[in-house]
file final-v8.tsv (TSV, C-alpha atoms)
chain	number	residue	atom	x	y	z
A	3	MET	CA	63.18	26.79	83.17
A	4	TYR	CA	60.69	23.93	83.12
A	5	TYR	CA	61.74	20.38	83.86
A	6	GLU	CA	60.06	17.01	83.46
A	7	ARG	CA	61.71	14.00	85.04
A	8	GLY	CA	65.00	15.91	85.34
A	9	ALA	CA	65.17	17.06	81.70
A	10	VAL	CA	64.63	20.64	80.55
A	11	ILE	CA	61.48	20.72	78.41
A	12	GLY	CA	61.39	24.49	77.89
A	13	CYS	CA	61.39	27.84	79.58
A	14	HIS	CA	59.42	31.04	79.83
A	15	HIS	CA	61.25	34.25	78.88
A	16	CYS	CA	64.31	32.10	78.22
A	17	PRO	CA	67.56	33.68	79.43
A	18	GLU	CA	69.70	31.22	77.48
A	19	PRO	CA	69.87	30.75	73.70
A	20	ASN	CA	68.74	27.49	72.11
A	21	ARG	CA	65.94	26.88	74.63
A	22	THR	CA	62.36	26.20	73.65
A	23	GLU	CA	60.01	29.01	74.68
A	24	THR	CA	57.11	27.38	76.48
A	25	GLY	CA	53.89	29.16	77.27
A	26	PHE	CA	52.50	29.23	80.79
A	27	PHE	CA	49.26	27.38	79.99
A	28	GLY	CA	51.07	24.38	78.51
A	29	VAL	CA	53.27	24.04	81.56
A	30	PHE	CA	50.30	24.47	83.91
A	31	ARG	CA	48.47	21.70	82.02
A	32	LEU	CA	51.50	19.44	82.26
A	33	ALA	CA	51.79	20.05	86.03
A	34	VAL	CA	48.11	19.23	86.62
A	35	LYS	CA	48.28	16.16	84.36
A	36	ASN	CA	51.43	14.83	86.06
A	37	ALA	CA	50.01	15.41	89.56
A	38	LEU	CA	46.81	13.54	88.73
A	39	ARG	CA	48.72	10.72	87.01
A	40	ASP	CA	50.84	10.36	90.13
A	41	VAL	CA	47.73	10.14	92.32
A	42	ILE	CA	46.33	7.41	90.08
A	43	ALA	CA	49.64	5.51	89.90
A	44	ARG	CA	50.09	5.57	93.69
A	45	SER	CA	46.58	4.35	94.43
A	46	SER	CA	46.89	0.79	95.52
A	47	ALA	CA	44.17	-1.65	94.60
A	48	GLY	CA	41.57	-2.35	97.21
A	49	ARG	CA	40.42	0.59	99.28
A	50	GLU	CA	38.61	3.12	97.14
A	51	LYS	CA	39.66	6.78	97.23
A	52	LEU	CA	38.35	10.10	95.98
A	53	ALA	CA	40.78	12.63	94.48
A	54	VAL	CA	39.35	16.12	94.01
A	55	LEU	CA	41.02	18.82	91.95
A	56	THR	CA	39.82	22.33	92.80
A	57	THR	CA	39.72	24.49	89.70
A	58	PHE	CA	41.44	27.88	89.55
A	59	SER	CA	40.29	30.69	91.84
A	60	PRO	CA	40.71	34.08	90.13
A	61	ALA	CA	42.20	37.25	91.59
A	62	HIS	CA	40.26	40.53	91.47
A	63	PHE	CA	42.68	43.44	91.15
A	64	ASP	CA	41.09	46.66	89.90
A	65	GLY	CA	44.02	48.86	89.02
A	66	GLU	CA	47.45	48.69	90.63
A	67	TRP	CA	48.11	46.19	93.41
A	68	ASP	CA	49.05	48.86	95.93
A	69	SER	CA	46.23	51.29	95.14
A	70	PRO	CA	43.83	51.76	98.08
A	71	ASP	CA	40.92	50.69	95.87
A	72	ALA	CA	42.61	47.73	94.16
A	73	CYS	CA	40.01	45.33	95.55
A	74	ALA	CA	37.51	47.54	97.30
A	75	ARG	CA	34.25	45.98	96.09
A	76	THR	CA	31.79	45.23	98.87
A	77	GLU	CA	29.27	43.17	96.89
A	78	PRO	CA	29.44	40.24	94.46
A	79	TYR	CA	29.18	40.93	90.76
A	80	ALA	CA	25.66	40.67	89.38
A	81	PRO	CA	25.11	37.94	86.77
A	82	GLY	CA	26.43	39.23	83.44
A	83	GLU	CA	28.16	42.25	85.02
A	84	LYS	CA	31.67	40.93	84.42
A	85	GLU	CA	33.07	38.66	81.75
A	86	MET	CA	35.64	36.12	82.94
A	87	SER	CA	39.10	36.99	81.63
A	88	TYR	CA	40.90	34.88	79.04
A	89	MET	CA	43.53	33.77	81.55
A	90	HIS	CA	40.95	32.71	84.13
A	91	LYS	CA	38.97	30.79	81.48
A	92	GLU	CA	42.11	28.98	80.33
A	93	MET	CA	43.13	28.06	83.88
A	94	TRP	CA	39.60	26.79	84.61
A	95	ARG	CA	39.37	24.87	81.33
A	96	THR	CA	42.77	23.24	81.85
A	97	GLY	CA	41.92	21.98	85.33
A	98	ALA	CA	38.49	20.72	84.30
A	99	GLU	CA	39.81	18.95	81.17
A	100	GLU	CA	42.69	17.29	83.01
A	101	ALA	CA	40.43	16.11	85.84
A	102	THR	CA	38.06	14.59	83.27
A	103	ALA	CA	40.95	12.92	81.42
A	104	ALA	CA	42.36	11.57	84.70
A	105	ALA	CA	38.95	10.18	85.67
A	106	VAL	CA	38.77	8.32	82.34
A	107	GLU	CA	42.34	7.04	82.76
A	108	ALA	CA	41.66	5.85	86.31
A	109	ARG	CA	38.55	3.93	85.20
A	110	SER	CA	40.34	2.37	82.21
A	111	ARG	CA	43.18	1.18	84.49
A	112	GLY	CA	40.72	-0.25	87.00
A	113	SER	CA	42.19	2.11	89.60
A	114	ALA	CA	40.69	2.37	93.07
A	115	VAL	CA	40.69	6.18	92.79
A	116	THR	CA	37.83	8.30	91.50
A	117	VAL	CA	38.91	11.70	90.14
A	118	GLU	CA	36.55	14.67	90.12
A	119	ALA	CA	36.82	18.44	89.70
A	120	LEU	CA	35.46	20.85	92.29
A	121	GLN	CA	34.42	23.65	89.95
A	122	VAL	CA	35.02	26.88	91.89
A	123	THR	CA	36.27	29.18	89.12
A	124	ARG	CA	32.94	30.70	88.10
A	125	LEU	CA	31.79	30.94	91.73
A	126	ALA	CA	35.01	32.64	92.79
A	127	ASP	CA	35.02	34.94	89.78
A	128	MET	CA	31.70	36.43	90.95
A	129	ARG	CA	33.07	37.31	94.43
A	130	PRO	CA	35.47	40.27	94.27
A	131	ASP	CA	34.12	41.29	97.66
A	132	ALA	CA	35.60	38.26	99.42
A	133	HIS	CA	39.26	39.30	99.60
A	134	PRO	CA	41.01	40.85	102.59
A	135	GLY	CA	42.26	43.70	100.39
A	136	PRO	CA	44.50	45.94	102.49
A	137	TYR	CA	43.12	44.50	105.73
A	138	PHE	CA	45.50	41.58	106.17
A	139	HIS	CA	47.23	44.03	108.52
A	140	PRO	CA	45.27	46.03	111.10
A	141	PHE	CA	44.92	49.74	110.31
A	142	PRO	CA	46.63	49.51	106.90
A	143	PHE	CA	46.33	53.22	106.09
A	144	ALA	CA	47.67	54.51	109.41
A	145	GLY	CA	51.17	55.92	109.25
A	146	ALA	CA	53.81	54.36	111.48
A	147	GLY	CA	54.93	56.37	114.50
A	148	GLY	CA	52.75	59.39	113.84
A	149	GLU	CA	53.51	59.66	110.12
A	150	LYS	CA	50.78	60.90	107.80
A	151	LYS	CA	48.22	58.50	106.39
A	152	ARG	CA	49.65	56.05	103.84
A	153	GLU	CA	48.35	56.53	100.31
A	154	ARG	CA	49.71	53.27	98.84
A	155	VAL	CA	49.24	49.95	100.62
A	156	PRO	CA	49.70	46.33	99.54
A	157	ASN	CA	46.43	44.55	98.78
A	158	ASP	CA	45.51	40.89	98.88
A	159	CYS	CA	43.01	40.51	96.05
A	160	VAL	CA	43.92	36.84	95.56
A	161	HIS	CA	43.02	34.92	98.72
A	162	SER	CA	39.45	34.64	99.95
A	163	CYS	CA	38.35	35.30	103.51
A	164	LEU	CA	36.41	33.09	105.89
A	165	PRO	CA	33.50	33.19	106.22
A	166	GLY	CA	32.71	33.53	102.56
A	167	PRO	CA	33.19	31.65	99.32
A	168	ILE	CA	35.48	29.06	100.90
A	169	ASP	CA	32.58	27.97	103.11
A	170	THR	CA	30.51	27.41	99.97
A	171	TRP	CA	33.30	25.38	98.39
A	172	ASN	CA	33.53	23.26	101.54
A	173	GLU	CA	29.79	22.59	101.39
A	174	ILE	CA	30.07	21.54	97.75
A	175	LEU	CA	33.06	19.32	98.58
A	176	LEU	CA	31.10	17.71	101.43
A	177	GLN	CA	28.25	16.90	99.02
A	178	MET	CA	30.74	15.44	96.51
A	179	VAL	CA	32.22	13.20	99.22
A	180	LYS	CA	28.77	12.08	100.39
A	181	ARG	CA	27.70	11.29	96.81
A	182	TRP	CA	30.96	9.40	96.19
A	183	ARG	CA	30.64	7.44	99.45
A	184	GLY	CA	27.08	6.48	98.60
A	185	ALA	CA	28.15	5.33	95.12
A	186	SER	CA	31.23	3.46	96.37
A	187	SER	CA	29.33	1.64	99.12
A	188	SER	CA	26.75	0.40	96.61
A	189	ARG	CA	29.43	-1.24	94.43
call {"tool": "encode", "arguments": {"input": "final-v8.tsv", "output": "structure tokens"}}
result
Amino acid sequence: MYYERGAVIGCHHCPEPNRTETGFFGVFRLAVKNALRDVIARSSAGREKLAVLTTFSPAHFDGEWDSPDACARTEPYAPGEKEMSYMHKEMWRTGAEEATAAAVEARSRGSAVTVEALQVTRLADMRPDAHPGPYFHPFPFAGAGGEKKRERVPNDCVHSCLPGPIDTWNEILLQMVKRWRGASSSR
């Protein structure tokens, strides 16, 4: 069930009759839009602020989530090797569009907040090698108490490890902040 300001606005795979079926992307867009609107509304006049929305970071499951090779890549994809999936494109597009719309809204209101998008989707999509995979636990394939080697293990093909892509995102964020500070101090 999806709510906005306490009222049901729809649901996904609705268990009850007479409910509006709402797709995931529409609800995701609404959540991003409302969060950014709230940031703008809560920004008091005076001290300038920078609000940065990080775009969607894709997962990289190859096969079943508990297969030993679900996210076993050891190198980034080469340019053109992999097409971004429809879902990942939609998540990226939604975040980027809503950040742009919020930036326009903030300027039109004379808000003290600047809204920008940290575009990580395409960067993250190229890095299937950056996930912990089965190694968020030491010795994931070892059997417990002398049991035989495990053939199925849970994999983390969603989160990225440090060092890795997150360091790159932090560098980009630092440059965004420096650029914003330089622009805000010259106003």
call {"tool": "residues_around", "arguments": {"input": "final-v8.tsv", "residues": "range 106-109 of chain A", "least_positions_apart": "5", "cutoff": "12 Å", "atoms": "only C-alpha atoms", "output": "PyMOL selection string"}}
result
chain A and resi 35+38-47+50-53+99-101+114-118
call {"tool": "write_last_selection", "arguments": {"input": "final-v8.tsv", "atoms": "C-alpha atoms", "output": "short mmCIF file (atom, residue, chain, number, x, y, z; two decimals), in the frame of the given file"}}
result
data_model
loop_
_atom_site.label_atom_id
_atom_site.label_comp_id
_atom_site.auth_asym_id
_atom_site.auth_seq_id
_atom_site.Cartn_x
_atom_site.Cartn_y
_atom_site.Cartn_z
CA LYS A 35 48.28 16.16 84.36
CA LEU A 38 46.81 13.54 88.73
CA ARG A 39 48.72 10.72 87.01
CA ASP A 40 50.84 10.36 90.13
CA VAL A 41 47.73 10.14 92.32
CA ILE A 42 46.33 7.41 90.08
CA ALA A 43 49.64 5.51 89.90
CA ARG A 44 50.09 5.57 93.69
CA SER A 45 46.58 4.35 94.43
CA SER A 46 46.89 0.79 95.52
CA ALA A 47 44.17 -1.65 94.60
CA GLU A 50 38.61 3.12 97.14
CA LYS A 51 39.66 6.78 97.23
CA LEU A 52 38.35 10.10 95.98
CA ALA A 53 40.78 12.63 94.48
CA GLU A 99 39.81 18.95 81.17
CA GLU A 100 42.69 17.29 83.01
CA ALA A 101 40.43 16.11 85.84
CA ALA A 114 40.69 2.37 93.07
CA VAL A 115 40.69 6.18 92.79
CA THR A 116 37.83 8.30 91.50
CA VAL A 117 38.91 11.70 90.14
CA GLU A 118 36.55 14.67 90.12
#
call {"tool": "atom_distance", "arguments": {"input": "final-v8.tsv", "atom1": "CA of Pro134 in chain A", "atom2": "CA of Tyr88 in chain A"}}
result
24.3 Å
call {"tool": "closest_residue", "arguments": {"input": "final-v8.tsv", "among": "A:Tyr4, A:Arg49, A:Asp158, A:Gly166", "to": "Glu77 in chain A", "atoms": "all atoms listed in the file"}}
result
A:Gly166
call {"tool": "residues_around", "arguments": {"input": "final-v8.tsv", "residues": "range 152-156 of chain A", "least_positions_apart": "6", "cutoff": "8 Å", "atoms": "all atoms listed in the file", "output": "JSON list (two decimals) with C-alpha atoms, in the coordinates of the input"}}
result
[["chain", "number", "residue", "atom", "x", "y", "z"],
["A", 67, "TRP", "CA", 48.11, 46.19, 93.41],
["A", 68, "ASP", "CA", 49.05, 48.86, 95.93],
["A", 69, "SER", "CA", 46.23, 51.29, 95.14],
["A", 70, "PRO", "CA", 43.83, 51.76, 98.08],
["A", 135, "GLY", "CA", 42.26, 43.70, 100.39],
["A", 136, "PRO", "CA", 44.50, 45.94, 102.49],
["A", 142, "PRO", "CA", 46.63, 49.51, 106.90],
["A", 143, "PHE", "CA", 46.33, 53.22, 106.09],
["A", 144, "ALA", "CA", 47.67, 54.51, 109.41],
["A", 145, "GLY", "CA", 51.17, 55.92, 109.25]]
call {"tool": "closest_residue", "arguments": {"input": "final-v8.tsv", "among": "A:Glu92, A:Glu83, A:Glu23, A:Asp169", "to": "Met128 in chain A", "atoms": "all atoms listed in the file"}}
result
A:Glu83
call {"tool": "residues_around", "arguments": {"input": "final-v8.tsv", "residues": "His15 in chain A", "least_positions_apart": "4", "cutoff": "10 Å", "atoms": "only C-alpha atoms", "output": "PDB file with C-alpha atoms, in the frame of the given file"}}
result
ATOM      1  CA  MET A   3      63.180  26.790  83.170  1.00  0.00           C
ATOM      2  CA  ARG A  21      65.940  26.880  74.630  1.00  0.00           C
ATOM      3  CA  THR A  22      62.360  26.200  73.650  1.00  0.00           C
ATOM      4  CA  GLU A  23      60.010  29.010  74.680  1.00  0.00           C
ATOM      5  CA  THR A  24      57.110  27.380  76.480  1.00  0.00           C
ATOM      6  CA  GLY A  25      53.890  29.160  77.270  1.00  0.00           C
TER       7      GLY A  25
END
call {"tool": "atom_distance", "arguments": {"input": "final-v8.tsv", "atom1": "CA of Leu120 in chain A", "atom2": "CA of Ser59 in chain A"}}
result
11.0 Å
call {"tool": "residues_around", "arguments": {"input": "final-v8.tsv", "residues": "range 28-34 of chain A", "least_positions_apart": "6", "cutoff": "12 Å", "atoms": "all atoms listed in the file", "output": "PyMOL selection string"}}
result
chain A and resi 3-7+10-14+40-41+54-58+89+92-104+119
call {"tool": "atom_distance", "arguments": {"input": "final-v8.tsv", "atom1": "CA of Ala126 in chain A", "atom2": "CA of Pro60 in chain A"}}
result
6.5 Å
